[in-house]
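So this one's entry.cif, mmCIF, C-alpha atoms and all ligand atoms:
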```
data_entry
loop_
_atom_site.label_atom_id
_atom_site.label_comp_id
_atom_site.auth_asym_id
_atom_site.auth_seq_id
_atom_site.Cartn_x
_atom_site.Cartn_y
_atom_site.Cartn_z
CA MET A 8 -91.68 49.95 -13.75
CA ASN A 9 -90.79 52.18 -10.81
CA GLY A 10 -88.02 51.39 -8.30
CA GLN A 11 -90.29 49.42 -5.95
CA ASP A 12 -91.63 47.32 -8.85
CA ILE A 13 -88.09 46.54 -9.97
CA LEU A 14 -87.06 45.48 -6.45
CA LYS A 15 -90.15 43.29 -6.11
CA ALA A 16 -89.54 41.67 -9.53
CA LEU A 17 -85.85 41.15 -8.70
CA TYR A 18 -86.83 39.42 -5.45
CA ASP A 19 -89.37 37.19 -7.24
CA GLU A 20 -87.12 36.25 -10.17
CA THR A 21 -84.17 35.45 -7.86
CA LEU A 22 -86.49 33.23 -5.83
CA VAL A 23 -87.29 31.13 -8.91
CA GLY A 24 -83.70 31.28 -10.20
CA ASN A 25 -84.47 33.07 -13.47
CA ALA A 26 -80.88 34.19 -14.12
CA PRO A 27 -81.39 36.07 -17.43
CA ARG A 28 -84.30 38.05 -15.96
CA VAL A 29 -82.30 38.77 -12.77
CA LEU A 30 -79.52 40.24 -14.91
CA GLU A 31 -82.01 42.38 -16.86
CA LEU A 32 -83.66 43.65 -13.70
CA THR A 33 -80.30 44.42 -12.08
CA ALA A 34 -79.36 46.54 -15.11
CA GLN A 35 -82.82 48.14 -15.18
CA GLY A 36 -82.59 48.94 -11.46
CA LEU A 37 -79.22 50.64 -11.88
CA GLU A 38 -80.48 52.61 -14.91
CA SER A 39 -83.51 53.76 -12.93
CA GLY A 40 -81.23 55.17 -10.20
CA LEU A 41 -81.43 52.37 -7.60
CA GLY A 42 -78.05 51.96 -5.90
CA PRO A 43 -76.23 48.60 -5.71
CA ASP A 44 -76.91 48.54 -1.94
CA ALA A 45 -80.68 48.72 -2.49
CA LEU A 46 -80.57 45.91 -5.06
CA LEU A 47 -78.52 43.76 -2.69
CA PHE A 48 -80.16 44.43 0.66
CA GLU A 49 -83.76 45.02 -0.46
CA ALA A 50 -84.08 42.30 -3.08
CA LEU A 51 -81.25 39.81 -3.67
CA ILE A 52 -80.28 38.90 -0.09
CA PRO A 53 -83.88 38.76 1.26
CA SER A 54 -84.78 36.52 -1.69
CA LEU A 55 -82.01 34.04 -0.85
CA GLU A 56 -83.13 34.11 2.79
CA GLU A 57 -86.59 33.08 1.60
CA VAL A 58 -85.01 30.33 -0.54
CA GLY A 59 -83.34 29.02 2.63
CA ALA A 60 -86.60 29.22 4.58
CA ARG A 61 -88.44 27.28 1.86
CA PHE A 62 -85.65 24.68 1.80
CA GLU A 63 -86.02 24.25 5.57
CA ARG A 64 -89.81 23.80 5.20
CA GLY A 65 -89.31 21.21 2.46
CA ASP A 66 -90.94 23.43 -0.20
CA PHE A 67 -87.63 23.85 -2.08
CA PHE A 68 -84.90 21.29 -2.74
CA VAL A 69 -81.20 21.52 -3.66
CA PRO A 70 -81.81 22.25 -7.40
CA GLU A 71 -83.99 25.27 -6.50
CA MET A 72 -81.30 26.52 -4.08
CA LEU A 73 -78.70 26.02 -6.78
CA ILE A 74 -80.45 28.00 -9.51
CA ALA A 75 -81.38 30.80 -7.09
CA GLY A 76 -77.73 30.93 -5.99
CA ARG A 77 -76.55 31.09 -9.61
CA ALA A 78 -78.99 33.90 -10.38
CA MET A 79 -77.72 35.84 -7.36
CA SER A 80 -74.08 35.25 -8.37
CA GLY A 81 -74.77 36.65 -11.85
CA ALA A 82 -76.20 39.84 -10.33
CA LEU A 83 -73.21 40.06 -7.96
CA ASP A 84 -70.84 40.00 -10.95
CA VAL A 85 -72.64 43.08 -12.33
CA LEU A 86 -72.62 44.86 -8.97
CA ARG A 87 -69.01 43.98 -8.10
CA PRO A 88 -67.30 46.93 -9.86
CA LEU A 89 -69.84 49.37 -8.44
CA LEU A 90 -69.40 48.12 -4.89
CA ALA A 91 -65.62 47.70 -5.09
CA ASP A 92 -64.55 50.80 -7.02
CA THR A 93 -64.07 53.39 -4.31
CA GLY A 94 -60.45 54.26 -5.07
CA ALA A 95 -59.53 53.60 -1.45
CA GLU A 96 -55.83 53.13 -0.62
CA THR A 97 -54.60 49.59 0.17
CA VAL A 98 -55.05 48.99 3.88
CA GLY A 99 -53.86 45.39 4.06
CA THR A 100 -53.95 41.93 2.50
CA PHE A 101 -56.84 39.57 3.23
CA LEU A 102 -56.60 35.88 2.34
CA MET A 103 -60.06 34.35 2.14
CA GLY A 104 -61.56 30.92 1.60
CA THR A 105 -64.57 28.73 2.30
CA VAL A 106 -63.49 25.80 4.45
CA LYS A 107 -63.03 22.19 3.33
CA GLY A 108 -66.31 20.35 2.71
CA ASP A 109 -68.28 23.52 2.02
CA VAL A 110 -69.19 24.83 -1.44
CA HIS A 111 -71.13 27.97 -0.43
CA ASP A 112 -69.44 31.05 -1.81
CA ILE A 113 -71.97 33.84 -2.31
CA GLY A 114 -71.58 35.26 1.21
CA LYS A 115 -67.79 34.97 1.00
CA ASN A 116 -67.75 36.70 -2.39
CA LEU A 117 -69.84 39.53 -1.02
CA VAL A 118 -67.40 40.01 1.87
CA ASN A 119 -64.55 40.03 -0.68
CA ILE A 120 -66.24 42.73 -2.75
CA MET A 121 -66.79 44.94 0.30
CA LEU A 122 -63.19 44.39 1.46
CA GLU A 123 -61.89 45.38 -1.98
CA GLY A 124 -64.10 48.45 -1.87
CA ALA A 125 -62.56 49.41 1.46
CA GLY A 126 -59.02 49.14 0.06
CA PHE A 127 -58.00 45.58 0.96
CA GLN A 128 -56.05 43.45 -1.45
CA VAL A 129 -58.08 40.22 -1.41
CA ILE A 130 -56.66 36.83 -2.34
CA ASP A 131 -59.56 34.42 -2.72
CA LEU A 132 -58.75 30.71 -2.46
CA GLY A 133 -62.31 29.73 -3.43
CA VAL A 134 -64.33 26.95 -1.81
CA GLN A 135 -63.49 23.59 -0.20
CA VAL A 136 -60.13 24.96 0.97
CA SER A 137 -58.15 22.43 2.99
CA PRO A 138 -56.00 23.44 6.00
CA GLU A 139 -52.91 22.53 3.94
CA LYS A 140 -53.95 24.91 1.16
CA PHE A 141 -54.56 27.74 3.66
CA ILE A 142 -51.11 27.17 5.18
CA ALA A 143 -49.35 27.11 1.79
CA ALA A 144 -51.12 30.33 0.74
CA ILE A 145 -50.29 32.10 4.03
CA GLU A 146 -46.63 31.16 3.58
CA GLU A 147 -46.69 32.40 -0.02
CA HIS A 148 -48.64 35.67 0.39
CA GLN A 149 -48.00 36.58 4.06
CA PRO A 150 -51.41 38.26 4.46
CA ASP A 151 -52.35 40.53 7.36
CA ILE A 152 -55.57 38.55 7.85
CA VAL A 153 -56.77 35.08 6.93
CA GLY A 154 -60.55 34.59 6.75
CA PHE A 155 -62.35 31.28 7.10
CA SER A 156 -65.96 31.11 5.87
CA ALA A 157 -68.34 28.25 6.76
CA PHE A 158 -72.05 28.00 5.98
CA LEU A 159 -72.92 24.60 7.40
CA THR A 160 -72.97 23.49 11.01
CA THR A 161 -71.13 20.38 9.77
CA THR A 162 -68.21 22.38 8.30
CA MET A 163 -67.78 24.90 11.15
CA PRO A 164 -65.44 22.45 12.99
CA MET A 165 -62.96 23.05 10.13
CA PHE A 166 -62.18 26.38 11.81
CA LYS A 167 -60.56 24.49 14.66
CA ALA A 168 -58.75 22.19 12.23
CA ASN A 169 -57.41 25.28 10.43
CA MET A 170 -56.34 26.88 13.72
CA ASN A 171 -54.51 23.67 14.69
CA ALA A 172 -52.76 23.66 11.31
CA LEU A 173 -51.70 27.30 11.85
CA GLU A 174 -50.26 26.45 15.27
CA LYS A 175 -48.44 23.42 13.89
CA ALA A 176 -46.92 25.47 11.06
CA GLY A 177 -45.77 28.16 13.54
CA LEU A 178 -47.93 30.78 11.83
CA ARG A 179 -50.56 31.51 14.48
CA ASP A 180 -48.83 34.64 15.81
CA LYS A 181 -48.03 35.94 12.33
CA VAL A 182 -51.56 36.34 11.00
CA ILE A 183 -54.89 37.69 12.26
CA VAL A 184 -57.70 35.13 11.96
CA MET A 185 -61.27 36.10 11.15
CA VAL A 186 -64.21 33.71 10.83
CA GLY A 187 -67.73 34.11 9.52
CA GLY A 188 -70.63 32.53 7.67
CA ALA A 189 -74.35 32.12 8.24
CA PRO A 190 -74.34 29.67 11.22
CA VAL A 191 -71.26 31.16 12.95
CA THR A 192 -71.59 33.17 16.17
CA GLN A 193 -69.26 35.30 18.27
CA GLU A 194 -69.30 32.54 20.91
CA TYR A 195 -68.19 29.97 18.34
CA ALA A 196 -65.48 32.29 17.04
CA ASP A 197 -64.20 32.77 20.62
CA ALA A 198 -64.32 29.02 21.26
CA VAL A 199 -62.04 28.25 18.30
CA GLY A 200 -59.66 31.06 19.22
CA ALA A 201 -60.30 33.37 16.25
CA ASP A 202 -59.31 37.04 16.60
CA GLY A 203 -62.44 38.36 14.94
CA TYR A 204 -65.94 37.50 13.80
CA ALA A 205 -68.54 39.38 11.77
CA ALA A 206 -72.13 38.52 10.94
CA ASP A 207 -72.21 40.37 7.62
CA ALA A 208 -69.98 41.92 4.97
CA SER A 209 -69.96 45.52 6.15
CA THR A 210 -69.25 44.52 9.77
CA ALA A 211 -66.47 42.26 8.44
CA VAL A 212 -64.80 45.27 6.80
CA ARG A 213 -65.00 47.36 9.98
CA ARG A 214 -63.71 44.50 12.11
CA ALA A 215 -60.85 43.76 9.69
CA LYS A 216 -59.70 47.40 9.68
CA ASP A 217 -59.93 47.56 13.45
CA LEU A 218 -57.91 44.35 13.95
CA ILE A 219 -55.16 45.55 11.61
CA ALA A 220 -54.99 48.96 13.32
CA ARG A 221 -54.67 47.29 16.74
CA LYS A 222 -51.97 44.89 15.55
CA ARG A 223 -49.96 47.74 13.97
CA ALA A 224 -50.34 49.90 17.09
CA ALA A 225 -49.15 47.02 19.29
CA ALA A 226 -46.10 46.54 17.04
CA VAL A 227 -44.94 50.16 17.46
CA PRO A 228 -42.26 50.30 20.22
CA ALA A 229 -43.23 52.56 23.16
CO1 LIG A 301 -77.03 25.58 1.06
N1 LIG A 301 -77.52 25.61 2.94
N2 LIG A 301 -76.66 23.67 1.16
N3 LIG A 301 -76.75 25.71 -0.82
N4 LIG A 301 -77.81 27.32 1.13
C1 LIG A 301 -77.84 26.91 3.53
C2 LIG A 301 -76.56 27.56 4.08
C3 LIG A 301 -78.89 26.52 4.66
C4 LIG A 301 -78.90 27.51 5.84
C5 LIG A 301 -80.29 26.36 4.05
C6 LIG A 301 -81.33 26.05 5.10
O1 LIG A 301 -81.45 24.93 5.52
N5 LIG A 301 -82.07 27.04 5.54
C7 LIG A 301 -78.40 25.06 5.03
C8 LIG A 301 -77.35 24.99 6.14
C9 LIG A 301 -77.95 24.51 7.46
C10 LIG A 301 -76.88 24.47 8.49
O2 LIG A 301 -75.97 23.68 8.43
N6 LIG A 301 -77.02 25.34 9.48
C11 LIG A 301 -77.85 24.56 3.71
C12 LIG A 301 -77.68 23.19 3.38
C13 LIG A 301 -78.24 22.19 4.37
C14 LIG A 301 -77.05 22.78 2.18
C15 LIG A 301 -76.78 21.35 1.72
C16 LIG A 301 -76.24 20.41 2.83
C17 LIG A 301 -78.06 20.79 1.09
C18 LIG A 301 -77.99 19.34 0.69
O3 LIG A 301 -77.21 18.95 -0.15
N7 LIG A 301 -78.85 18.54 1.29
C19 LIG A 301 -75.71 21.57 0.59
C20 LIG A 301 -74.27 21.56 1.15
C21 LIG A 301 -73.24 21.57 0.04
C22 LIG A 301 -71.84 21.76 0.62
O4 LIG A 301 -71.42 22.88 0.86
N8 LIG A 301 -71.13 20.66 0.88
C23 LIG A 301 -76.07 22.95 0.15
C24 LIG A 301 -75.86 23.42 -1.15
C25 LIG A 301 -76.22 24.68 -1.59
C26 LIG A 301 -76.10 25.11 -3.05
C27 LIG A 301 -74.82 24.60 -3.75
C28 LIG A 301 -77.31 24.58 -3.78
C29 LIG A 301 -76.21 26.69 -2.94
C30 LIG A 301 -74.84 27.38 -2.79
C31 LIG A 301 -74.52 28.21 -4.00
C32 LIG A 301 -73.27 29.05 -3.76
O5 LIG A 301 -72.97 29.50 -2.68
N9 LIG A 301 -72.58 29.24 -4.85
C33 LIG A 301 -76.90 26.84 -1.58
C34 LIG A 301 -77.56 28.04 -1.17
C35 LIG A 301 -77.75 29.11 -2.24
C36 LIG A 301 -78.01 28.22 0.15
C37 LIG A 301 -78.82 29.41 0.75
C38 LIG A 301 -80.24 29.29 0.23
C39 LIG A 301 -78.29 30.79 0.46
C40 LIG A 301 -76.85 31.05 0.94
C41 LIG A 301 -76.44 32.44 0.54
O6 LIG A 301 -75.74 32.60 -0.46
N10 LIG A 301 -76.95 33.45 1.26
C42 LIG A 301 -78.68 29.13 2.31
C43 LIG A 301 -79.88 29.62 3.09
C44 LIG A 301 -79.60 30.91 3.85
O7 LIG A 301 -78.48 31.36 3.98
N11 LIG A 301 -80.64 31.46 4.39
C45 LIG A 301 -78.22 27.72 2.36
C46 LIG A 301 -76.71 34.87 0.93
C47 LIG A 301 -75.41 35.37 1.53
C48 LIG A 301 -75.17 36.80 1.08
O8 LIG A 301 -75.53 35.38 2.95
O9 LIG A 301 -74.19 33.36 3.30
O10 LIG A 301 -75.11 34.56 5.28
P1 LIG A 301 -74.53 34.64 3.94
O11 LIG A 301 -73.21 35.57 3.97
C49 LIG A 301 -73.01 36.67 4.87
C50 LIG A 301 -72.46 36.27 6.24
O12 LIG A 301 -72.44 34.87 6.45
C51 LIG A 301 -71.10 36.93 6.32
O13 LIG A 301 -71.14 37.98 5.36
C52 LIG A 301 -71.94 37.53 4.25
C53 LIG A 301 -72.44 38.71 3.47
O14 LIG A 301 -73.15 39.64 4.28
N12 LIG A 301 -69.90 36.14 6.04
C54 LIG A 301 -68.70 36.44 6.64
C55 LIG A 301 -69.70 35.13 5.20
N13 LIG A 301 -68.44 34.75 5.21
C56 LIG A 301 -67.79 35.54 6.09
C57 LIG A 301 -66.45 35.57 6.48
C58 LIG A 301 -66.06 36.50 7.44
C59 LIG A 301 -66.98 37.39 7.97
C60 LIG A 301 -68.31 37.39 7.58
O15 LIG A 301 -64.78 36.59 7.87
C61 LIG A 301 -63.83 35.68 7.39
#
```

Serialized structure, structure tokens:
Amino acid sequence: MNGQDILKALYDETLVGNAPRVLELTAQGLESGLGPDALLFEALIPSLEEVGARFERGDFFVPEMLIAGRAMSGALDVLRPLLADTGAETVGTFLMGTVKGDVHDIGKNLVNIMLEGAGFQVIDLGVQVSPEKFIAAIEEHQPDIVGFSAFLTTTMPMFKANMNALEKAGLRDKVIVMVGGAPVTQEYADAVGADGYAADASTAVRRAKDLIARKRAAAVPA
């Protein structure tokens, strides 16, 4: 198979959630010289977008979404060291979690991998993270940035609940807040009072670096 055939097969097998085949094709793609970016952006992510589109049309149901998601996660585990191992110096600490009520983690994990690759120390709290758990982890780790991910319109309001919890704990001025996730927009991020928003993983890295640089510059006495 040439590179295009591998990408096409990877797309198709992710779509039907054939995890063992997705792992084989990921390895085959890397051996054939395809970069991790090509496998991600030309096969795996478009395939999950199609899964979502089929779910919306009623052609796929939750089990199909679940097995496609698992197949994608397996491939991500293989790609993680390749995407994250850039030897970059530590630029800051990023505390990340998917908000309470939400179990989606693939997008969050991808952001984590890219952040690690750019030199961030990432502390991942996982999924279904309550405001109380975010607060306890901020107090323990004192990160530069806390990131809230939400993938459902019904869980996006947890951003505001988390912001309120930060205010109540007296931590709002001590940490930069970033939000993201498939249904989130810049307008929504502004409305909840977040410092930053990004639509995808690479923009999230740029935005995170920029926010830290600005905060450090503002802290330097004139
Ligand atoms: Co769900 N699901 N799901 N699902 N699922 C979506 C999100 C949906 C859009 C599908 C659809 O209808 N088209 C829809 C949400 C609709 C909405 O509210 N707007 C949906 C639904 C409805 C549901 C359920 C309610 C279904 C049900 O039970 N009836 C249910 C909810 C469960 C819950 O959370 N309580 C549910 C369940 C699931 C599974 C468990 C089966 C599985 C999740 C597996 C997992 O994550 N481990 C699943 C999946 C796989 C999907 C789709 C198909 C794929 C999501 C994904 O991983 N995309 C999804 C359809 C879609 O997205 N088109 C869908 C790939 C990922 C790389 O992209 O997530 O956009 P993305 O991540 C990006 C950005 O968002 C950004 O960077 C990432 C990387 O570039 N980003 C950040 C993410 N976090 C960030 C944080 C930042 C900055 C940027 O700063 C902090």

Report task. Set the cut-off to 7 Å, count only C-alpha atoms and all ligand atoms, and list whatever residues fall near ligand LIG 301 (chain A) as a ChimeraX atom specification. Result -> /A:52,55-60,62-63,69-70,72-73,75-77,103,108-115,117-118,154-161,185-190,204-209,211

Requested in this report: Between atom CA of Arg221 of chain A and atom CA of Ala125 of chain A, measure the distance and give it in Å to one decimal.
Outcome: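 Between atom CA of Arg221 of chain A and atom CA of Ala125 of chain A the gap works out to 17.3 Å.
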
Requested in this report: Find the residues near Val129 of chain A: any atom within 6 Å, counting only C-alpha atoms, skip ones fewer than 4 places away on the same chain, and give them as a PyMOL selection string.
Outcome: chain A and resi 100-102

**Report entry** Top pick for closest residue to Thr21 of chain A, considering A:Ala176, A:Leu47, A:Ala225, A:Leu132 and counting only C-alpha atoms
**Finding:**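 Between A:Ala176, A:Leu47, A:Ala225, A:Leu132, the residue approaching Thr21 of chain A most closely is A:Leu47.
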
**Report entry** Pick from A:Leu86, A:Leu41, A:Ala78, A:Ala50, whichever lies nearest to Arg28 of chain A using all atoms listed in the file
**Finding:**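 Closest to Arg28 of chain A of all the choices is A:Ala78.
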
Requested in this report: Compare A:Ala16, A:Ala143, A:Val182, A:Ile120 by their minimum atom-to-atom distance to Gly36 of chain A, counting only C-alpha atoms, and give me the closest one.
Outcome: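 The shortest atom-to-atom distance to Gly36 of chain A comes from A:Ala16.
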
Query raised in the report: For the atom pair atom CA of Leu46 of chain A and atom CA of Gly81 of chain A, what is the interatomic distance in Å to one decimal place?
Result: 12.9 Å

Query raised in the report: Nearest to Gly200 of chain A: which of A:Ala215, A:Glu38, A:Arg179, A:Gly10 is it, counting only C-alpha atoms?
Result: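 That would be A:Arg179, the residue with the smallest distance to Gly200 of chain A.
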